[in-house]
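Working notes, beginning with the structure itself.
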Amino acid sequence: MAIERTFSIIKPDATARQLTGAINAMIEKAGLRIVAQKRVRMTREQAETFYAVHRQRPFFAELVETMTSGPVVVQALEGENAIAAYRDLMGATDPAKAAPGTIRKVHAKSISENSVHGSDAAETAVKEIAQFFSGNEIVG
Ligand code: CMP
């Protein structure tokens with residue numbers, strides 16, 4: 001199995017409800033290492049760049065609004081098959097469809113306030129990590 005890195009965001013709905021620690025505990029319990037982490041307020045430009053692939057979707061404006069509505073915690077996570085492992089831990093995008101025990105089932109409020117983001121593929125992970133972290137901010 002390959003050691004990979006993935007990019008994670010603890011979203012504004014979760015930071016507002018003081019869930020950073022609870023979500024980090026789930027991440028660490030799943031065997032993923034938090035190798036970089038910072039709390040930031042995303043600018044509109046950062047959110048639009050980050051979610052550029054969704055620009056044509058009907059929910060794009062709501063997505064940018066939601067992601068800039070409060071602080072987020074951006075993270076790089078490392079572990080065996082980290083990309084798939086974190087997607088399993090997050091659960092389905094829509095919390096109503098998420099499996100029991102997943103972060104979104106336990107904590108998310110709705111499809112737009114779904115508490116966490118995780119990279120969907122290796123190339124995306126590299127790009128997303130590079131948008132928020134420089135090399136010396138990631139300590140494995
Ligand atoms: P995320 O994993 O951050 O990637 C894109 C985000 O768009 C997704 O989580 C959801 O929060 C959001 N999203 C996806 N589908 C919808 C939808 N139908 N309505 C509102 N937001 C959505």
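A note on labels: chains of the structure tokens are A, B, ... as shown, every chain counts residues from 1, and ligands are counted from 1 in their shown order.
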
Which residues form the shell of 9 Å around ligand 1 when you count only C-alpha atoms and all ligand atoms, given as a PDB file with C-alpha atoms, in the first residue's frame?
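selection.pdb written:
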```pdb
ATOM      1  CA  ILE A   9     -10.874  21.295   4.941  1.00  0.00           C
ATOM      2  CA  LYS A  11     -15.609  23.793   6.880  1.00  0.00           C
ATOM      3  CA  TYR A  51     -13.760  25.108  -6.459  1.00  0.00           C
ATOM      4  CA  HIS A  54     -17.709  23.511 -10.056  1.00  0.00           C
ATOM      5  CA  ARG A  57     -22.836  24.174 -11.304  1.00  0.00           C
ATOM      6  CA  PRO A  58     -26.052  25.731 -10.020  1.00  0.00           C
ATOM      7  CA  PHE A  59     -24.758  25.539  -6.437  1.00  0.00           C
ATOM      8  CA  PHE A  60     -21.453  27.368  -7.141  1.00  0.00           C
ATOM      9  CA  GLU A  62     -23.892  29.070  -2.550  1.00  0.00           C
ATOM     10  CA  LEU A  63     -20.714  27.011  -2.248  1.00  0.00           C
ATOM     11  CA  VAL A  64     -18.445  30.078  -2.372  1.00  0.00           C
ATOM     12  CA  THR A  66     -20.703  29.029   2.506  1.00  0.00           C
ATOM     13  CA  MET A  67     -16.943  28.481   2.335  1.00  0.00           C
ATOM     14  CA  ALA A  92     -21.098  10.649   1.167  1.00  0.00           C
ATOM     15  CA  THR A  93     -21.319  14.337   0.155  1.00  0.00           C
ATOM     16  CA  ASP A  94     -24.964  14.378   1.240  1.00  0.00           C
ATOM     17  CA  SER A 110     -26.724  19.410   4.910  1.00  0.00           C
ATOM     18  CA  ILE A 111     -25.139  18.896   1.484  1.00  0.00           C
ATOM     19  CA  SER A 112     -23.780  22.471   1.465  1.00  0.00           C
ATOM     20  CA  GLU A 113     -22.898  22.526   5.175  1.00  0.00           C
ATOM     21  CA  ASN A 114     -21.270  19.111   5.076  1.00  0.00           C
ATOM     22  CA  SER A 115     -18.472  19.827   7.583  1.00  0.00           C
ATOM     23  CA  VAL A 116     -15.458  18.540   5.616  1.00  0.00           C
ATOM     24  CA  HIS A 117     -13.823  18.430   2.198  1.00  0.00           C
ATOM     25  CA  GLY A 118     -11.283  15.884   1.009  1.00  0.00           C
ATOM     26  CA  SER A 119      -9.379  15.562  -2.280  1.00  0.00           C
ATOM     27  CA  ASP A 120     -10.932  13.225  -4.850  1.00  0.00           C
TER      28      ASP A 120
END
```

**OP:** Considering only C-alpha atoms, return as a PyMOL selection string whatever protein or nucleic-acid residues lie within 8 Å of Gln37 (chain A), sequence-local ones (same chain, fewer than 2 positions apart) excluded.
**Re:** chain A and resi 34-35+39+73-76

Suppose we keep C-alpha atoms; can you now write the selection as a short mmCIF file (atom, residue, chain, number, x, y, z; two decimals), in the first residue's frame?
```cif
data_model
loop_
_atom_site.label_atom_id
_atom_site.label_comp_id
_atom_site.auth_asym_id
_atom_site.auth_seq_id
_atom_site.Cartn_x
_atom_site.Cartn_y
_atom_site.Cartn_z
CA ILE A 34 -2.21 15.57 10.38
CA VAL A 35 1.09 16.71 8.85
CA ARG A 39 -7.02 28.03 10.54
CA VAL A 73 -9.15 24.63 9.09
CA VAL A 74 -7.07 23.48 6.12
CA GLN A 75 -4.98 20.36 6.55
CA ALA A 76 -2.65 17.94 4.82
#
```

Original post:
Can you list every residue in region 33-134 of chain A that DSSP puts in strand (DSSP E), as number ranges by chain?
Top reply: A: 33-40, 72-80, 116-118

File dump, residues just selected, N, CA, C and O atoms, as an mmCIF file, in the first residue's frame:
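Written out: result_16.cif:
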```cif
data_model
loop_
_atom_site.group_PDB
_atom_site.id
_atom_site.type_symbol
_atom_site.label_atom_id
_atom_site.label_comp_id
_atom_site.auth_asym_id
_atom_site.auth_seq_id
_atom_site.Cartn_x
_atom_site.Cartn_y
_atom_site.Cartn_z
ATOM 1 N N ARG A 33 -2.327 10.853 9.681
ATOM 2 C CA ARG A 33 -1.523 11.829 10.428
ATOM 3 C C ARG A 33 -1.802 13.219 9.892
ATOM 4 O O ARG A 33 -1.779 13.431 8.674
ATOM 5 N N ILE A 34 -2.030 14.169 10.786
ATOM 6 C CA ILE A 34 -2.213 15.567 10.378
ATOM 7 C C ILE A 34 -0.809 16.169 10.273
ATOM 8 O O ILE A 34 -0.193 16.496 11.280
ATOM 9 N N VAL A 35 -0.303 16.280 9.039
ATOM 10 C CA VAL A 35 1.087 16.715 8.852
ATOM 11 C C VAL A 35 1.207 18.207 8.560
ATOM 12 O O VAL A 35 2.314 18.759 8.527
ATOM 13 N N ALA A 36 0.065 18.867 8.356
ATOM 14 C CA ALA A 36 0.022 20.334 8.236
ATOM 15 C C ALA A 36 -1.389 20.770 8.595
ATOM 16 O O ALA A 36 -2.357 20.068 8.306
ATOM 17 N N GLN A 37 -1.478 21.949 9.230
ATOM 18 C CA GLN A 37 -2.809 22.420 9.634
ATOM 19 C C GLN A 37 -2.763 23.911 9.915
ATOM 20 O O GLN A 37 -1.835 24.381 10.577
ATOM 21 N N LYS A 38 -3.722 24.660 9.409
ATOM 22 C CA LYS A 38 -3.869 26.052 9.840
ATOM 23 C C LYS A 38 -5.314 26.507 9.700
ATOM 24 O O LYS A 38 -6.059 25.992 8.867
ATOM 25 N N ARG A 39 -5.661 27.487 10.547
ATOM 26 C CA ARG A 39 -7.021 28.031 10.539
ATOM 27 C C ARG A 39 -6.967 29.348 9.773
ATOM 28 O O ARG A 39 -6.162 30.230 10.099
ATOM 29 N N VAL A 40 -7.796 29.450 8.736
ATOM 30 C CA VAL A 40 -7.781 30.641 7.886
ATOM 31 C C VAL A 40 -9.218 31.031 7.548
ATOM 32 O O VAL A 40 -10.140 30.230 7.668
ATOM 33 N N VAL A 72 -12.098 28.382 8.365
ATOM 34 C CA VAL A 72 -11.942 26.966 8.026
ATOM 35 C C VAL A 72 -10.598 26.512 8.590
ATOM 36 O O VAL A 72 -9.730 27.336 8.880
ATOM 37 N N VAL A 73 -10.442 25.198 8.734
ATOM 38 C CA VAL A 73 -9.146 24.632 9.093
ATOM 39 C C VAL A 73 -8.690 23.795 7.898
ATOM 40 O O VAL A 73 -9.369 22.831 7.531
ATOM 41 N N VAL A 74 -7.603 24.234 7.259
ATOM 42 C CA VAL A 74 -7.066 23.481 6.121
ATOM 43 C C VAL A 74 -5.965 22.560 6.633
ATOM 44 O O VAL A 74 -5.222 22.911 7.558
ATOM 45 N N GLN A 75 -5.902 21.375 6.042
ATOM 46 C CA GLN A 75 -4.983 20.356 6.552
ATOM 47 C C GLN A 75 -4.374 19.545 5.419
ATOM 48 O O GLN A 75 -5.004 19.357 4.378
ATOM 49 N N ALA A 76 -3.186 19.016 5.649
ATOM 50 C CA ALA A 76 -2.650 17.936 4.823
ATOM 51 C C ALA A 76 -2.613 16.699 5.709
ATOM 52 O O ALA A 76 -2.135 16.750 6.854
ATOM 53 N N LEU A 77 -3.164 15.618 5.193
ATOM 54 C CA LEU A 77 -3.233 14.352 5.941
ATOM 55 C C LEU A 77 -2.368 13.320 5.224
ATOM 56 O O LEU A 77 -2.361 13.269 3.991
ATOM 57 N N GLU A 78 -1.689 12.503 5.992
ATOM 58 C CA GLU A 78 -0.781 11.509 5.409
ATOM 59 C C GLU A 78 -1.102 10.125 5.966
ATOM 60 O O GLU A 78 -1.406 9.992 7.159
ATOM 61 N N GLY A 79 -1.017 9.131 5.103
ATOM 62 C CA GLY A 79 -1.226 7.753 5.556
ATOM 63 C C GLY A 79 -1.353 6.813 4.378
ATOM 64 O O GLY A 79 -1.287 7.233 3.225
ATOM 65 N N GLU A 80 -1.557 5.537 4.693
ATOM 66 C CA GLU A 80 -1.731 4.537 3.638
ATOM 67 C C GLU A 80 -3.011 4.828 2.874
ATOM 68 O O GLU A 80 -4.078 4.959 3.484
ATOM 69 N N VAL A 116 -16.824 18.816 6.057
ATOM 70 C CA VAL A 116 -15.458 18.540 5.616
ATOM 71 C C VAL A 116 -15.369 18.417 4.101
ATOM 72 O O VAL A 116 -16.355 18.077 3.439
ATOM 73 N N HIS A 117 -14.177 18.697 3.596
ATOM 74 C CA HIS A 117 -13.823 18.430 2.198
ATOM 75 C C HIS A 117 -12.591 17.549 2.188
ATOM 76 O O HIS A 117 -11.722 17.700 3.036
ATOM 77 N N GLY A 118 -12.501 16.666 1.223
ATOM 78 C CA GLY A 118 -11.283 15.884 1.009
ATOM 79 C C GLY A 118 -11.013 15.736 -0.472
ATOM 80 O O GLY A 118 -11.957 15.660 -1.274
#
```

Subject >> Exercise: Ser69 (chain A) partners within 9 Å, only C-alpha atoms, chain neighbours under 5 positions left out, as a PyMOL selection string >> reply: chain A and resi 12-13+41-42+64

Original post:
Tell me, which residues of region 7-130 of chain A carry DSSP helix (DSSP H, G or I), written as an MDAnalysis selection string?
Top reply: chainID A and resid 12:16 20:29 44:50 52:54 60:67 82:90 95:97 103:107 122:130

Subject >> Selected residue of minimal separation from Arg104 (chain A) among A:Ala16, A:Met1, A:Ile23, A:Val139, counting only C-alpha atoms >> reply: A:Ile23

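Proximity of A:Val53, A:Ala96, A:Ile103, A:Ala130 to Ala30 (chain A), computed with only C-alpha atoms, is greatest for A:Ile103.
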
**OP:** Find the spatial neighbours of Glu128 (chain A), counting only C-alpha atoms, within a cut-off of 9 Å - ignore same-chain residues fewer than 5 positions away - and output them as a list in words.
**Re:**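 The residues that qualify are Thr6, Phe7, Ser8, Phe50, Ser119, Glu123 and Phe133 of chain A.
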
Could you write out that same residue set with N, CA, C and O atoms as a PDB file, in the first residue's frame?
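File result_39.pdb, as written:
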```
ATOM      1  N   THR A   6      -3.308  13.714   1.370  1.00  0.00           N
ATOM      2  CA  THR A   6      -4.542  14.284   0.853  1.00  0.00           C
ATOM      3  C   THR A   6      -4.777  15.633   1.520  1.00  0.00           C
ATOM      4  O   THR A   6      -4.164  15.945   2.540  1.00  0.00           O
ATOM      5  N   PHE A   7      -5.654  16.423   0.909  1.00  0.00           N
ATOM      6  CA  PHE A   7      -5.960  17.747   1.442  1.00  0.00           C
ATOM      7  C   PHE A   7      -7.348  17.706   2.076  1.00  0.00           C
ATOM      8  O   PHE A   7      -8.279  17.124   1.515  1.00  0.00           O
ATOM      9  N   SER A   8      -7.466  18.321   3.233  1.00  0.00           N
ATOM     10  CA  SER A   8      -8.726  18.333   3.975  1.00  0.00           C
ATOM     11  C   SER A   8      -9.094  19.760   4.363  1.00  0.00           C
ATOM     12  O   SER A   8      -8.215  20.581   4.651  1.00  0.00           O
ATOM     13  N   PHE A  50     -10.330  27.473  -5.657  1.00  0.00           N
ATOM     14  CA  PHE A  50     -10.335  26.118  -5.117  1.00  0.00           C
ATOM     15  C   PHE A  50     -11.427  25.265  -5.767  1.00  0.00           C
ATOM     16  O   PHE A  50     -11.220  24.094  -6.089  1.00  0.00           O
ATOM     17  N   SER A 119      -9.749  15.684  -0.861  1.00  0.00           N
ATOM     18  CA  SER A 119      -9.379  15.562  -2.280  1.00  0.00           C
ATOM     19  C   SER A 119      -9.989  14.298  -2.882  1.00  0.00           C
ATOM     20  O   SER A 119     -10.113  13.275  -2.213  1.00  0.00           O
ATOM     21  N   GLU A 123      -3.888  13.776  -8.236  1.00  0.00           N
ATOM     22  CA  GLU A 123      -3.480  15.055  -8.862  1.00  0.00           C
ATOM     23  C   GLU A 123      -4.169  16.234  -8.174  1.00  0.00           C
ATOM     24  O   GLU A 123      -3.571  17.301  -7.996  1.00  0.00           O
ATOM     25  N   PHE A 133      -0.461  25.374   1.310  1.00  0.00           N
ATOM     26  CA  PHE A 133       0.744  25.131   2.110  1.00  0.00           C
ATOM     27  C   PHE A 133       2.001  25.208   1.255  1.00  0.00           C
ATOM     28  O   PHE A 133       2.022  24.714   0.131  1.00  0.00           O
TER      29      PHE A 133
END
```

Subject >> Nearest to Arg87 (chain A) by atom-to-atom distance, counting only C-alpha atoms, from A:Ala108, A:Ile27, A:Ala61, A:Ile129 >> reply: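 Among the listed residues, A:Ile27 lies closest to Arg87 (chain A).
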
**OP:** Tell me, in Å to one decimal, how far CA of Arg5 (chain A) is from CA of Ala82 (chain A).
**Re:**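 Separating CA of Arg5 (chain A) from CA of Ala82 (chain A) is a distance of 5.8 Å.
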
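Take CA of Gln131 (chain A) and CA of Thr43 (chain A): the distance between them is 12.6 Å.
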